[in-house]
>>> print(open('my_file_11.pdb').read())   # PDB, C-alpha atoms
MODEL        1
ATOM      1  CA  MET E   1      -5.748 -22.247  70.337  1.00  0.00           C
ATOM      2  CA  GLN E   2      -2.108 -21.998  69.327  1.00  0.00           C
ATOM      3  CA  GLN E   3      -2.479 -25.210  67.277  1.00  0.00           C
ATOM      4  CA  VAL E   4      -5.362 -23.646  65.320  1.00  0.00           C
ATOM      5  CA  TYR E   5      -3.294 -20.558  64.461  1.00  0.00           C
ATOM      6  CA  SER E   6      -0.336 -22.718  63.450  1.00  0.00           C
ATOM      7  CA  LYS E   7      -2.512 -24.492  60.874  1.00  0.00           C
ATOM      8  CA  LEU E   8      -3.776 -21.264  59.259  1.00  0.00           C
ATOM      9  CA  PRO E   9      -0.716 -20.659  56.988  1.00  0.00           C
ATOM     10  CA  LEU E  10      -1.072 -24.182  55.621  1.00  0.00           C
ATOM     11  CA  LEU E  11      -4.770 -23.587  54.986  1.00  0.00           C
ATOM     12  CA  PHE E  12      -4.083 -20.334  53.144  1.00  0.00           C
ATOM     13  CA  LEU E  13      -1.380 -22.048  51.089  1.00  0.00           C
ATOM     14  CA  ALA E  14      -3.772 -24.823  50.080  1.00  0.00           C
ATOM     15  CA  ILE E  15      -6.380 -22.244  49.023  1.00  0.00           C
ATOM     16  CA  ILE E  16      -3.818 -20.354  46.928  1.00  0.00           C
ATOM     17  CA  ILE E  17      -2.607 -23.547  45.193  1.00  0.00           C
ATOM     18  CA  THR E  18      -6.182 -24.648  44.442  1.00  0.00           C
ATOM     19  CA  SER E  19      -7.136 -21.239  43.067  1.00  0.00           C
ATOM     20  CA  THR E  20      -4.026 -21.135  40.870  1.00  0.00           C
ATOM     21  CA  SER E  21      -4.724 -24.619  39.505  1.00  0.00           C
ATOM     22  CA  LEU E  22      -8.315 -23.751  38.642  1.00  0.00           C
ATOM     23  CA  ALA E  23      -7.226 -20.540  36.941  1.00  0.00           C
ATOM     24  CA  GLY E  24      -4.730 -22.494  34.816  1.00  0.00           C
ATOM     25  CA  CYS E  25      -7.370 -24.953  33.622  1.00  0.00           C
ATOM     26  CA  LYS E  26      -9.307 -22.883  31.127  1.00  0.00           C
ATOM     27  CA  LYS E  27     -12.573 -24.307  29.899  1.00  0.00           C
ATOM     28  CA  LYS E  28     -12.407 -25.496  26.295  1.00  0.00           C
ATOM     29  CA  ASP E  29     -14.359 -23.438  23.794  1.00  0.00           C
ATOM     30  CA  MET E  30     -16.938 -25.867  22.372  1.00  0.00           C
ATOM     31  CA  SER E  31     -18.998 -23.306  20.482  1.00  0.00           C
ATOM     32  CA  LEU E  32     -19.367 -23.662  16.720  1.00  0.00           C
ATOM     33  CA  LYS E  33     -16.414 -22.006  14.993  1.00  0.00           C
ATOM     34  CA  LEU E  34     -17.928 -20.020  12.155  1.00  0.00           C
ATOM     35  CA  ASN E  35     -16.226 -19.106   8.920  1.00  0.00           C
ATOM     36  CA  GLU E  36     -15.401 -15.430   8.470  1.00  0.00           C
ATOM     37  CA  PRO E  37     -14.883 -15.318   4.694  1.00  0.00           C
ATOM     38  CA  ARG E  38     -12.926 -12.421   3.248  1.00  0.00           C
ATOM     39  CA  ASN E  39     -10.971 -11.572   0.123  1.00  0.00           C
ATOM     40  CA  ILE E  40     -12.062 -14.656  -1.848  1.00  0.00           C
ATOM     41  CA  LYS E  41     -11.792 -13.911  -5.550  1.00  0.00           C
ATOM     42  CA  GLY E  42     -10.912 -17.075  -7.443  1.00  0.00           C
ATOM     43  CA  VAL E  43     -10.107 -16.760 -11.142  1.00  0.00           C
ATOM     44  CA  ILE E  44     -12.068 -15.216 -13.996  1.00  0.00           C
ATOM     45  CA  SER E  45     -12.217 -18.445 -16.020  1.00  0.00           C
ATOM     46  CA  TYR E  46     -11.018 -21.909 -15.030  1.00  0.00           C
ATOM     47  CA  ARG E  47     -10.650 -22.993 -18.642  1.00  0.00           C
ATOM     48  CA  ARG E  48      -8.616 -19.958 -19.695  1.00  0.00           C
ATOM     49  CA  THR E  49      -6.503 -19.771 -16.545  1.00  0.00           C
ATOM     50  CA  PHE E  50      -5.713 -23.487 -16.558  1.00  0.00           C
ATOM     51  CA  GLY E  51      -5.643 -24.287 -20.254  1.00  0.00           C
ATOM     52  CA  ASP E  52      -2.181 -25.785 -20.680  1.00  0.00           C
ATOM     53  CA  LEU E  53      -2.411 -28.300 -23.534  1.00  0.00           C
ATOM     54  CA  ASN E  54      -1.442 -31.940 -23.163  1.00  0.00           C
ATOM     55  CA  GLU E  55       1.535 -31.306 -25.465  1.00  0.00           C
ATOM     56  CA  ALA E  56       3.091 -28.917 -22.935  1.00  0.00           C
ATOM     57  CA  HIS E  57       2.527 -31.400 -20.107  1.00  0.00           C
ATOM     58  CA  LEU E  58       3.928 -34.250 -22.188  1.00  0.00           C
ATOM     59  CA  ASN E  59       7.048 -32.429 -23.359  1.00  0.00           C
ATOM     60  CA  ILE E  60       8.185 -31.549 -19.843  1.00  0.00           C
ATOM     61  CA  ALA E  61       7.152 -34.947 -18.459  1.00  0.00           C
ATOM     62  CA  GLN E  62       9.253 -36.786 -21.022  1.00  0.00           C
ATOM     63  CA  ALA E  63      12.184 -34.449 -20.398  1.00  0.00           C
ATOM     64  CA  ILE E  64      12.352 -34.713 -16.599  1.00  0.00           C
ATOM     65  CA  GLY E  65      10.361 -37.805 -15.665  1.00  0.00           C
ATOM     66  CA  ILE E  66      11.064 -41.524 -15.507  1.00  0.00           C
ATOM     67  CA  ALA E  67      10.675 -43.867 -18.476  1.00  0.00           C
ATOM     68  CA  PRO E  68       7.191 -45.405 -18.650  1.00  0.00           C
ATOM     69  CA  ILE E  69       6.934 -48.691 -16.788  1.00  0.00           C
ATOM     70  CA  ALA E  70       4.914 -51.689 -17.867  1.00  0.00           C
ATOM     71  CA  SER E  71       3.481 -52.952 -14.596  1.00  0.00           C
ATOM     72  CA  ARG E  72       3.165 -52.253 -10.904  1.00  0.00           C
ATOM     73  CA  LYS E  73       5.706 -54.975 -10.263  1.00  0.00           C
ATOM     74  CA  ASP E  74       8.216 -53.015 -12.337  1.00  0.00           C
ATOM     75  CA  ALA E  75       7.449 -49.930 -10.254  1.00  0.00           C
ATOM     76  CA  GLU E  76       8.969 -51.667  -7.229  1.00  0.00           C
ATOM     77  CA  ASN E  77      12.356 -51.422  -8.935  1.00  0.00           C
ATOM     78  CA  MET E  78      11.999 -47.646  -9.435  1.00  0.00           C
ATOM     79  CA  LYS E  79      11.699 -46.627  -5.798  1.00  0.00           C
ATOM     80  CA  GLU E  80      15.147 -45.057  -5.747  1.00  0.00           C
ATOM     81  CA  LYS E  81      13.936 -42.558  -8.356  1.00  0.00           C
ATOM     82  CA  LEU E  82      10.441 -42.058  -6.964  1.00  0.00           C
ATOM     83  CA  HIS E  83       8.946 -40.607  -3.793  1.00  0.00           C
ATOM     84  CA  HIS E  84       6.103 -42.485  -2.123  1.00  0.00           C
ATOM     85  CA  ILE E  85       3.226 -40.201  -1.182  1.00  0.00           C
ATOM     86  CA  GLU E  86       0.587 -40.884   1.441  1.00  0.00           C
ATOM     87  CA  THR E  87      -2.085 -39.022   3.355  1.00  0.00           C
ATOM     88  CA  ASN E  88      -0.521 -36.501   5.745  1.00  0.00           C
ATOM     89  CA  ASP E  89      -1.160 -33.098   7.345  1.00  0.00           C
ATOM     90  CA  LEU E  90      -1.094 -31.325   3.959  1.00  0.00           C
ATOM     91  CA  TYR E  91      -3.199 -33.523   1.679  1.00  0.00           C
ATOM     92  CA  LYS E  92      -5.187 -36.741   1.420  1.00  0.00           C
ATOM     93  CA  VAL E  93      -4.407 -39.494  -1.077  1.00  0.00           C
ATOM     94  CA  ASP E  94      -7.670 -40.935  -2.371  1.00  0.00           C
ATOM     95  CA  SER E  95      -8.385 -44.643  -2.859  1.00  0.00           C
ATOM     96  CA  LEU E  96      -6.380 -45.091  -6.052  1.00  0.00           C
ATOM     97  CA  THR E  97      -7.836 -47.563  -8.552  1.00  0.00           C
ATOM     98  CA  HIS E  98      -5.852 -46.847 -11.721  1.00  0.00           C
ATOM     99  CA  SER E  99      -2.596 -45.430 -10.379  1.00  0.00           C
ATOM    100  CA  ILE E 100       0.006 -45.915  -7.662  1.00  0.00           C
ATOM    101  CA  PRO E 101       1.187 -43.311  -5.112  1.00  0.00           C
ATOM    102  CA  TYR E 102       4.616 -42.432  -6.502  1.00  0.00           C
ATOM    103  CA  LEU E 103       6.027 -39.189  -7.902  1.00  0.00           C
ATOM    104  CA  ILE E 104       9.456 -37.893  -8.838  1.00  0.00           C
ATOM    105  CA  PRO E 105      10.863 -35.735  -6.014  1.00  0.00           C
ATOM    106  CA  SER E 106      10.067 -32.355  -7.632  1.00  0.00           C
ATOM    107  CA  ALA E 107       6.434 -33.376  -8.194  1.00  0.00           C
ATOM    108  CA  ALA E 108       6.154 -34.584  -4.596  1.00  0.00           C
ATOM    109  CA  GLN E 109       7.581 -31.248  -3.423  1.00  0.00           C
ATOM    110  CA  LEU E 110       5.088 -29.367  -5.604  1.00  0.00           C
ATOM    111  CA  LEU E 111       2.239 -31.340  -4.046  1.00  0.00           C
ATOM    112  CA  ASP E 112       3.507 -30.446  -0.562  1.00  0.00           C
ATOM    113  CA  THR E 113       3.626 -26.781  -1.578  1.00  0.00           C
ATOM    114  CA  ILE E 114       0.075 -26.865  -2.928  1.00  0.00           C
ATOM    115  CA  GLY E 115      -1.232 -28.464   0.263  1.00  0.00           C
ATOM    116  CA  SER E 116       0.658 -26.033   2.507  1.00  0.00           C
ATOM    117  CA  ASN E 117      -0.270 -22.921   0.519  1.00  0.00           C
ATOM    118  CA  PHE E 118      -3.909 -23.990   0.408  1.00  0.00           C
ATOM    119  CA  LEU E 119      -4.097 -24.358   4.203  1.00  0.00           C
ATOM    120  CA  ASP E 120      -2.332 -21.021   4.706  1.00  0.00           C
ATOM    121  CA  SER E 121      -4.703 -19.327   2.282  1.00  0.00           C
ATOM    122  CA  LEU E 122      -7.780 -20.723   4.044  1.00  0.00           C
ATOM    123  CA  THR E 123      -6.532 -19.309   7.331  1.00  0.00           C
ATOM    124  CA  ALA E 124      -5.802 -15.921   5.765  1.00  0.00           C
ATOM    125  CA  LYS E 125      -9.298 -15.850   4.264  1.00  0.00           C
ATOM    126  CA  GLY E 126     -11.055 -16.710   7.531  1.00  0.00           C
ATOM    127  CA  LEU E 127     -12.103 -20.218   6.515  1.00  0.00           C
ATOM    128  CA  ASN E 128     -11.938 -23.427   8.512  1.00  0.00           C
ATOM    129  CA  PRO E 129      -9.185 -25.865   7.422  1.00  0.00           C
ATOM    130  CA  ASN E 130      -9.560 -28.442   4.670  1.00  0.00           C
ATOM    131  CA  LYS E 131      -7.082 -30.610   2.787  1.00  0.00           C
ATOM    132  CA  VAL E 132      -6.885 -31.189  -0.959  1.00  0.00           C
ATOM    133  CA  ILE E 133      -7.506 -34.724  -2.219  1.00  0.00           C
ATOM    134  CA  VAL E 134      -5.145 -36.384  -4.706  1.00  0.00           C
ATOM    135  CA  THR E 135      -7.165 -38.594  -7.060  1.00  0.00           C
ATOM    136  CA  SER E 136      -4.570 -39.921  -9.531  1.00  0.00           C
ATOM    137  CA  VAL E 137      -0.784 -40.262  -9.562  1.00  0.00           C
ATOM    138  CA  LEU E 138       1.663 -42.541 -11.432  1.00  0.00           C
ATOM    139  CA  ARG E 139       0.150 -44.922 -13.962  1.00  0.00           C
ATOM    140  CA  THR E 140       1.787 -47.996 -15.454  1.00  0.00           C
ATOM    141  CA  GLN E 141       1.017 -49.109 -18.990  1.00  0.00           C
ATOM    142  CA  ASP E 142      -1.160 -51.875 -17.548  1.00  0.00           C
ATOM    143  CA  ASP E 143      -3.091 -49.257 -15.530  1.00  0.00           C
ATOM    144  CA  VAL E 144      -3.795 -47.208 -18.660  1.00  0.00           C
ATOM    145  CA  LYS E 145      -4.955 -50.279 -20.592  1.00  0.00           C
ATOM    146  CA  ARG E 146      -7.460 -51.061 -17.846  1.00  0.00           C
ATOM    147  CA  LEU E 147      -8.548 -47.436 -17.651  1.00  0.00           C
ATOM    148  CA  ARG E 148      -9.114 -47.226 -21.407  1.00  0.00           C
ATOM    149  CA  ARG E 149     -11.501 -50.163 -21.195  1.00  0.00           C
ATOM    150  CA  ARG E 150     -13.693 -48.029 -18.928  1.00  0.00           C
ATOM    151  CA  ASN E 151     -12.915 -44.627 -20.425  1.00  0.00           C
ATOM    152  CA  GLY E 152     -12.215 -44.528 -24.155  1.00  0.00           C
ATOM    153  CA  ASN E 153     -11.054 -40.910 -23.845  1.00  0.00           C
ATOM    154  CA  ALA E 154      -8.155 -41.837 -21.566  1.00  0.00           C
ATOM    155  CA  SER E 155      -4.878 -40.994 -23.270  1.00  0.00           C
ATOM    156  CA  ALA E 156      -2.676 -43.869 -24.416  1.00  0.00           C
ATOM    157  CA  ASN E 157       0.318 -41.563 -23.924  1.00  0.00           C
ATOM    158  CA  SER E 158      -0.594 -40.107 -20.560  1.00  0.00           C
ATOM    159  CA  THR E 159       1.687 -37.744 -18.654  1.00  0.00           C
ATOM    160  CA  HIS E 160       0.857 -39.905 -15.646  1.00  0.00           C
ATOM    161  CA  PHE E 161       3.377 -42.421 -17.072  1.00  0.00           C
ATOM    162  CA  TYR E 162       6.345 -40.290 -16.046  1.00  0.00           C
ATOM    163  CA  GLY E 163       5.865 -39.661 -12.314  1.00  0.00           C
ATOM    164  CA  THR E 164       5.617 -35.924 -12.971  1.00  0.00           C
ATOM    165  CA  THR E 165       1.864 -35.560 -12.866  1.00  0.00           C
ATOM    166  CA  PHE E 166      -0.969 -35.807 -10.375  1.00  0.00           C
ATOM    167  CA  ASP E 167      -4.649 -34.874 -10.253  1.00  0.00           C
ATOM    168  CA  VAL E 168      -6.231 -32.868  -7.436  1.00  0.00           C
ATOM    169  CA  SER E 169     -10.001 -32.848  -7.044  1.00  0.00           C
ATOM    170  CA  TRP E 170     -11.927 -29.574  -7.168  1.00  0.00           C
ATOM    171  CA  LYS E 171     -15.176 -31.311  -6.216  1.00  0.00           C
ATOM    172  CA  ARG E 172     -14.113 -32.935  -2.960  1.00  0.00           C
ATOM    173  CA  PHE E 173     -11.986 -31.833  -0.015  1.00  0.00           C
ATOM    174  CA  GLN E 174     -11.268 -33.316   3.411  1.00  0.00           C
ATOM    175  CA  LYS E 175     -12.361 -31.286   6.401  1.00  0.00           C
ATOM    176  CA  ILE E 176      -9.775 -31.094   9.200  1.00  0.00           C
ATOM    177  CA  GLU E 177     -11.457 -31.552  12.565  1.00  0.00           C
ATOM    178  CA  ASP E 178     -10.458 -29.473  15.603  1.00  0.00           C
ATOM    179  CA  GLU E 179      -8.014 -31.262  17.924  1.00  0.00           C
ATOM    180  CA  ASP E 180     -10.031 -30.295  21.024  1.00  0.00           C
ATOM    181  CA  GLY E 181     -13.296 -31.455  19.490  1.00  0.00           C
ATOM    182  CA  ARG E 182     -14.690 -27.981  18.840  1.00  0.00           C
ATOM    183  CA  PRO E 183     -17.292 -28.160  16.034  1.00  0.00           C
ATOM    184  CA  LEU E 184     -16.324 -26.309  12.867  1.00  0.00           C
ATOM    185  CA  GLN E 185     -18.679 -24.840  10.323  1.00  0.00           C
ATOM    186  CA  ASP E 186     -18.398 -26.512   6.919  1.00  0.00           C
ATOM    187  CA  VAL E 187     -16.870 -24.689   3.965  1.00  0.00           C
ATOM    188  CA  SER E 188     -18.673 -25.274   0.680  1.00  0.00           C
ATOM    189  CA  ALA E 189     -16.825 -27.090  -2.117  1.00  0.00           C
ATOM    190  CA  ASP E 190     -17.456 -24.112  -4.404  1.00  0.00           C
ATOM    191  CA  THR E 191     -15.686 -21.759  -1.984  1.00  0.00           C
ATOM    192  CA  LEU E 192     -12.792 -24.176  -1.496  1.00  0.00           C
ATOM    193  CA  LYS E 193     -12.464 -24.467  -5.269  1.00  0.00           C
ATOM    194  CA  LEU E 194     -12.121 -20.685  -5.542  1.00  0.00           C
ATOM    195  CA  VAL E 195      -9.356 -20.607  -2.940  1.00  0.00           C
ATOM    196  CA  LEU E 196      -7.541 -23.564  -4.520  1.00  0.00           C
ATOM    197  CA  SER E 197      -7.708 -21.887  -7.928  1.00  0.00           C
ATOM    198  CA  GLU E 198      -5.900 -18.832  -6.532  1.00  0.00           C
ATOM    199  CA  VAL E 199      -3.150 -21.028  -5.073  1.00  0.00           C
ATOM    200  CA  LEU E 200      -2.697 -22.931  -8.345  1.00  0.00           C
ATOM    201  CA  ARG E 201      -2.805 -19.771 -10.454  1.00  0.00           C
ATOM    202  CA  ASP E 202       0.071 -18.279  -8.460  1.00  0.00           C
ATOM    203  CA  LEU E 203       2.200 -21.424  -8.781  1.00  0.00           C
ATOM    204  CA  ARG E 204       1.524 -21.599 -12.503  1.00  0.00           C
ATOM    205  CA  LYS E 205       2.479 -17.925 -12.908  1.00  0.00           C
ATOM    206  CA  ALA E 206       5.712 -18.688 -11.077  1.00  0.00           C
ATOM    207  CA  GLU E 207       6.371 -21.373 -13.744  1.00  0.00           C
ATOM    208  CA  LYS E 208       6.338 -24.161 -11.177  1.00  0.00           C
ATOM    209  CA  CYS E 209       3.858 -26.281 -13.124  1.00  0.00           C
ATOM    210  CA  TYR E 210       1.479 -26.768 -16.040  1.00  0.00           C
ATOM    211  CA  ILE E 211      -2.204 -27.125 -15.179  1.00  0.00           C
ATOM    212  CA  LYS E 212      -5.226 -28.339 -17.138  1.00  0.00           C
ATOM    213  CA  TYR E 213      -8.746 -27.821 -15.820  1.00  0.00           C
ATOM    214  CA  GLU E 214     -10.598 -31.113 -16.264  1.00  0.00           C
ATOM    215  CA  LEU E 215     -14.352 -30.581 -16.214  1.00  0.00           C
ATOM    216  CA  LYS E 216     -15.613 -34.144 -16.657  1.00  0.00           C
ATOM    217  CA  GLN E 217     -13.054 -35.657 -14.296  1.00  0.00           C
ATOM    218  CA  GLY E 218     -13.640 -32.939 -11.687  1.00  0.00           C
ATOM    219  CA  CYS E 219      -9.948 -32.290 -11.130  1.00  0.00           C
ATOM    220  CA  PHE E 220      -6.956 -30.079 -11.819  1.00  0.00           C
ATOM    221  CA  HIS E 221      -4.410 -32.032 -13.892  1.00  0.00           C
ATOM    222  CA  ILE E 222      -0.996 -30.812 -12.688  1.00  0.00           C
ATOM    223  CA  THR E 223       2.512 -31.491 -14.053  1.00  0.00           C
ATOM    224  CA  THR E 224       5.631 -30.227 -12.322  1.00  0.00           C
ATOM    225  CA  ARG E 225       8.184 -28.204 -14.266  1.00  0.00           C
ATOM    226  CA  GLY E 226      10.937 -28.732 -11.713  1.00  0.00           C
ATOM    227  CA  LYS E 227      13.763 -31.157 -12.377  1.00  0.00           C
ATOM    228  CA  GLY E 228      14.668 -33.950 -10.013  1.00  0.00           C
TER     229      GLY E 228
ENDMDL
END
>>> encode(input="my_file_11.pdb", output="structure tokens")
Amino acid sequence: MQQVYSKLPLLFLAIIITSTSLAGCKKKDMSLKLNEPRNIKGVISYRRTFGDLNEAHLNIAQAIGIAPIASRKDAENMKEKLHHIETNDLYKVDSLTHSIPYLIPSAAQLLDTIGSNFLDSLTAKGLNPNKVIVTSVLRTQDDVKRLRRRNGNASANSTHFYGTTFDVSWKRFQKIEDEDGRPLQDVSADTLKLVLSEVLRDLRKAEKCYIKYELKQGCFHITTRGKG
């Protein structure tokens, strides 16, 4: 009988440990996380808000950017002046067909800021996270020649020559999936475009960049105004 009583404290201890462990293992929430949209305004007019002419883009690009390079092989020798960009937590780099993923440091920093501010704004507006998609970056002269064969409207003196300019899609975004596998409600491209327009409007007002709304190309054409 004494042996039974001597084992009771150990039994109680085991029960306490088990109960504590179970309490610490909370069940993951696997319900659909709905959007709770609020305070989404966008801009009155995309064309008027983002109507910076190519001349403005070109003037600043020529002043602060690199000299145009002939080929992608030549770009390899410019890496000390350029920042390589790749898909990360803030944005996605699309499959580039007529450009290469390099920007001058200030343009790369601007892209980081856009991606970060966009994610922060989505959270503040009760929307599930999405990343912007970069569709065009630095172009060599060979790239522009090939592009002009397909698109006669492509500029022969593109601001994309100078490493100062990149395009961000307003048609497509990349949904960020929940780390624990919880399903997230989709956010429409139209809503994401409204939020992105607010982010870009604020940066343009702060004189961080020039922006042109490209209807046919489905993108915002963005040139940094920061040196370096």
>>> closest_residue(input="my_file_11.pdb", among="E:Lys171, E:His57, E:Lys145, E:Lys92", to="Lys216 in chain E", atoms="all atoms listed in the file")
E:Lys171
>>> residues_around(input="my_file_11.pdb", residues="range 37-48 of chain E", least_positions_apart="3", cutoff="8 Å", atoms="only C-alpha atoms", output="list in words")
Gly51, Lys125, Gly126, Leu127, Thr191, Lys193, Leu194, Val195, Leu196, Ser197, Glu198, Arg201, Lys212 and Tyr213 of chain E
>>> closest_residue(input="my_file_11.pdb", among="E:Ile60, E:Arg172, E:Arg72, E:Glu177", to="Asp190 in chain E", atoms="only C-alpha atoms")
E:Arg172
>>> resolve_selection(input="my_file_11.pdb", expression="the PyMOL selection byres ((chain E and resi 80) around 12)", output="list in words")
Ile66, Ala75, Glu76, Asn77, Met78, Lys79, Lys81, Leu82, His83, His84, Tyr102, Leu103, Ile104, Pro105 and Gly228 of chain E
>>> write_last_selection(input="my_file_11.pdb", atoms="C-alpha atoms", output="CSV table (one decimal), in the coordinates of the input")
chain,number,residue,atom,x,y,z
E,66,ILE,CA,11.1,-41.5,-15.5
E,75,ALA,CA,7.4,-49.9,-10.3
E,76,GLU,CA,9.0,-51.7,-7.2
E,77,ASN,CA,12.4,-51.4,-8.9
E,78,MET,CA,12.0,-47.6,-9.4
E,79,LYS,CA,11.7,-46.6,-5.8
E,81,LYS,CA,13.9,-42.6,-8.4
E,82,LEU,CA,10.4,-42.1,-7.0
E,83,HIS,CA,8.9,-40.6,-3.8
E,84,HIS,CA,6.1,-42.5,-2.1
E,102,TYR,CA,4.6,-42.4,-6.5
E,103,LEU,CA,6.0,-39.2,-7.9
E,104,ILE,CA,9.5,-37.9,-8.8
E,105,PRO,CA,10.9,-35.7,-6.0
E,228,GLY,CA,14.7,-34.0,-10.0
>>> atom_distance(input="my_file_11.pdb", atom1="CA of Lys208 in chain E", atom2="CA of Leu111 in chain E")
10.9 Å
>>> residues_near_point(input="my_file_11.pdb", point="(3.5, -32.4, -9.1)", cutoff="9 Å", atoms="all atoms listed in the file", output="list of chain:residue names")
E:Leu103, E:Ile104, E:Pro105, E:Ser106, E:Ala107, E:Ala108, E:Gln109, E:Leu110, E:Leu111, E:Asp112, E:Ile114, E:Val137, E:Gly163, E:Thr164, E:Thr165, E:Phe166, E:Asp167, E:Lys208, E:Cys209, E:Ile222, E:Thr223, E:Thr224, E:Arg225, E:Gly226
>>> resolve_selection(input="my_file_11.pdb", expression="the PyMOL selection byres ((chain E and resi 100) around 7)", output="VMD selection string")
chain E and resid 96 99 101 to 102 137 to 139
>>> closest_residue(input="my_file_11.pdb", among="E:Thr140, E:Ser169, E:Leu34, E:Asn54", to="Val187 in chain E", atoms="all atoms listed in the file")
E:Leu34
>>> atom_distance(input="my_file_11.pdb", atom1="CA of Asp120 in chain E", atom2="CA of Ser31 in chain E")
23.1 Å
>>> axis_aligned_box(input="my_file_11.pdb", around="range 159-167 of chain E", padding_each_side="8 Å", output="JSON")
{"center_x": 0.8, "center_y": -38.6, "center_z": -14.5, "size_x": 27.0, "size_y": 23.5, "size_z": 24.4}
>>> closest_residue(input="my_file_11.pdb", among="E:Ala61, E:Leu147, E:Leu192, E:Ile85", to="Thr123 in chain E", atoms="only C-alpha atoms")
E:Leu192
>>> atom_distance(input="my_file_11.pdb", atom1="CA of Ala189 in chain E", atom2="CA of Lys28 in chain E")
28.8 Å
>>> residues_around(input="my_file_11.pdb", residues="Ile211 in chain E", least_positions_apart="3", cutoff="6 Å", atoms="only C-alpha atoms", output="ChimeraX atom specification")
/E:50,52,221-222
>>> closest_residue(input="my_file_11.pdb", among="E:Ser136, E:Asn88, E:Ser95, E:Gln141", to="Ile69 in chain E", atoms="all atoms listed in the file")
E:Gln141
>>> closest_residue(input="my_file_11.pdb", among="E:Pro129, E:Asp142, E:Asn117, E:Lys73", to="Ser188 in chain E", atoms="only C-alpha atoms")
E:Pro129
>>> residues_around(input="my_file_11.pdb", residues="Leu119 in chain E", least_positions_apart="5", cutoff="8 Å", atoms="all atoms listed in the file", output="number ranges by chain")
E: 90, 129-131
>>> decode(input="my_file_11.pdb", residues="range 162-167 of chain E", atoms="all heavy atoms", output="PDB file, in the first residue's frame")
ATOM      1  N   TYR E 162      19.396  53.216 -68.953  1.00  0.00           N
ATOM      2  CA  TYR E 162      20.264  53.871 -67.979  1.00  0.00           C
ATOM      3  C   TYR E 162      20.278  53.227 -66.583  1.00  0.00           C
ATOM      4  O   TYR E 162      20.946  53.722 -65.685  1.00  0.00           O
ATOM      5  CB  TYR E 162      19.866  55.351 -67.872  1.00  0.00           C
ATOM      6  CG  TYR E 162      19.928  56.046 -69.213  1.00  0.00           C
ATOM      7  CD1 TYR E 162      18.796  56.143 -70.020  1.00  0.00           C
ATOM      8  CD2 TYR E 162      21.123  56.567 -69.690  1.00  0.00           C
ATOM      9  CE1 TYR E 162      18.852  56.750 -71.266  1.00  0.00           C
ATOM     10  CE2 TYR E 162      21.187  57.190 -70.931  1.00  0.00           C
ATOM     11  CZ  TYR E 162      20.052  57.274 -71.717  1.00  0.00           C
ATOM     12  OH  TYR E 162      20.118  57.874 -72.964  1.00  0.00           O
ATOM     13  N   GLY E 163      19.524  52.147 -66.410  1.00  0.00           N
ATOM     14  CA  GLY E 163      19.508  51.470 -65.113  1.00  0.00           C
ATOM     15  C   GLY E 163      18.713  52.201 -64.049  1.00  0.00           C
ATOM     16  O   GLY E 163      18.763  51.846 -62.868  1.00  0.00           O
ATOM     17  N   THR E 164      17.984  53.223 -64.464  1.00  0.00           N
ATOM     18  CA  THR E 164      17.212  54.062 -63.540  1.00  0.00           C
ATOM     19  C   THR E 164      15.740  53.712 -63.514  1.00  0.00           C
ATOM     20  O   THR E 164      15.002  54.222 -62.663  1.00  0.00           O
ATOM     21  CB  THR E 164      17.311  55.532 -63.977  1.00  0.00           C
ATOM     22  OG1 THR E 164      16.847  55.634 -65.342  1.00  0.00           O
ATOM     23  CG2 THR E 164      18.740  56.038 -63.909  1.00  0.00           C
ATOM     24  N   THR E 165      15.321  52.846 -64.422  1.00  0.00           N
ATOM     25  CA  THR E 165      13.898  52.697 -64.714  1.00  0.00           C
ATOM     26  C   THR E 165      13.460  51.232 -64.670  1.00  0.00           C
ATOM     27  O   THR E 165      14.198  50.347 -65.095  1.00  0.00           O
ATOM     28  CB  THR E 165      13.598  53.289 -66.102  1.00  0.00           C
ATOM     29  OG1 THR E 165      14.019  54.655 -66.127  1.00  0.00           O
ATOM     30  CG2 THR E 165      12.113  53.221 -66.428  1.00  0.00           C
ATOM     31  N   PHE E 166      12.263  51.023 -64.160  1.00  0.00           N
ATOM     32  CA  PHE E 166      11.684  49.683 -64.158  1.00  0.00           C
ATOM     33  C   PHE E 166      10.173  49.801 -64.331  1.00  0.00           C
ATOM     34  O   PHE E 166       9.582  50.843 -64.067  1.00  0.00           O
ATOM     35  CB  PHE E 166      12.015  48.930 -62.864  1.00  0.00           C
ATOM     36  CG  PHE E 166      11.674  49.679 -61.600  1.00  0.00           C
ATOM     37  CD1 PHE E 166      10.429  49.562 -61.009  1.00  0.00           C
ATOM     38  CD2 PHE E 166      12.616  50.508 -60.995  1.00  0.00           C
ATOM     39  CE1 PHE E 166      10.112  50.249 -59.851  1.00  0.00           C
ATOM     40  CE2 PHE E 166      12.318  51.199 -59.831  1.00  0.00           C
ATOM     41  CZ  PHE E 166      11.066  51.076 -59.260  1.00  0.00           C
ATOM     42  N   ASP E 167       9.560  48.729 -64.793  1.00  0.00           N
ATOM     43  CA  ASP E 167       8.111  48.675 -64.965  1.00  0.00           C
ATOM     44  C   ASP E 167       7.510  47.715 -63.943  1.00  0.00           C
ATOM     45  O   ASP E 167       8.061  46.626 -63.714  1.00  0.00           O
ATOM     46  CB  ASP E 167       7.736  48.198 -66.371  1.00  0.00           C
ATOM     47  CG  ASP E 167       8.176  49.173 -67.456  1.00  0.00           C
ATOM     48  OD1 ASP E 167       8.463  50.337 -67.128  1.00  0.00           O
ATOM     49  OD2 ASP E 167       8.233  48.759 -68.636  1.00  0.00           O
TER      50      ASP E 167
END
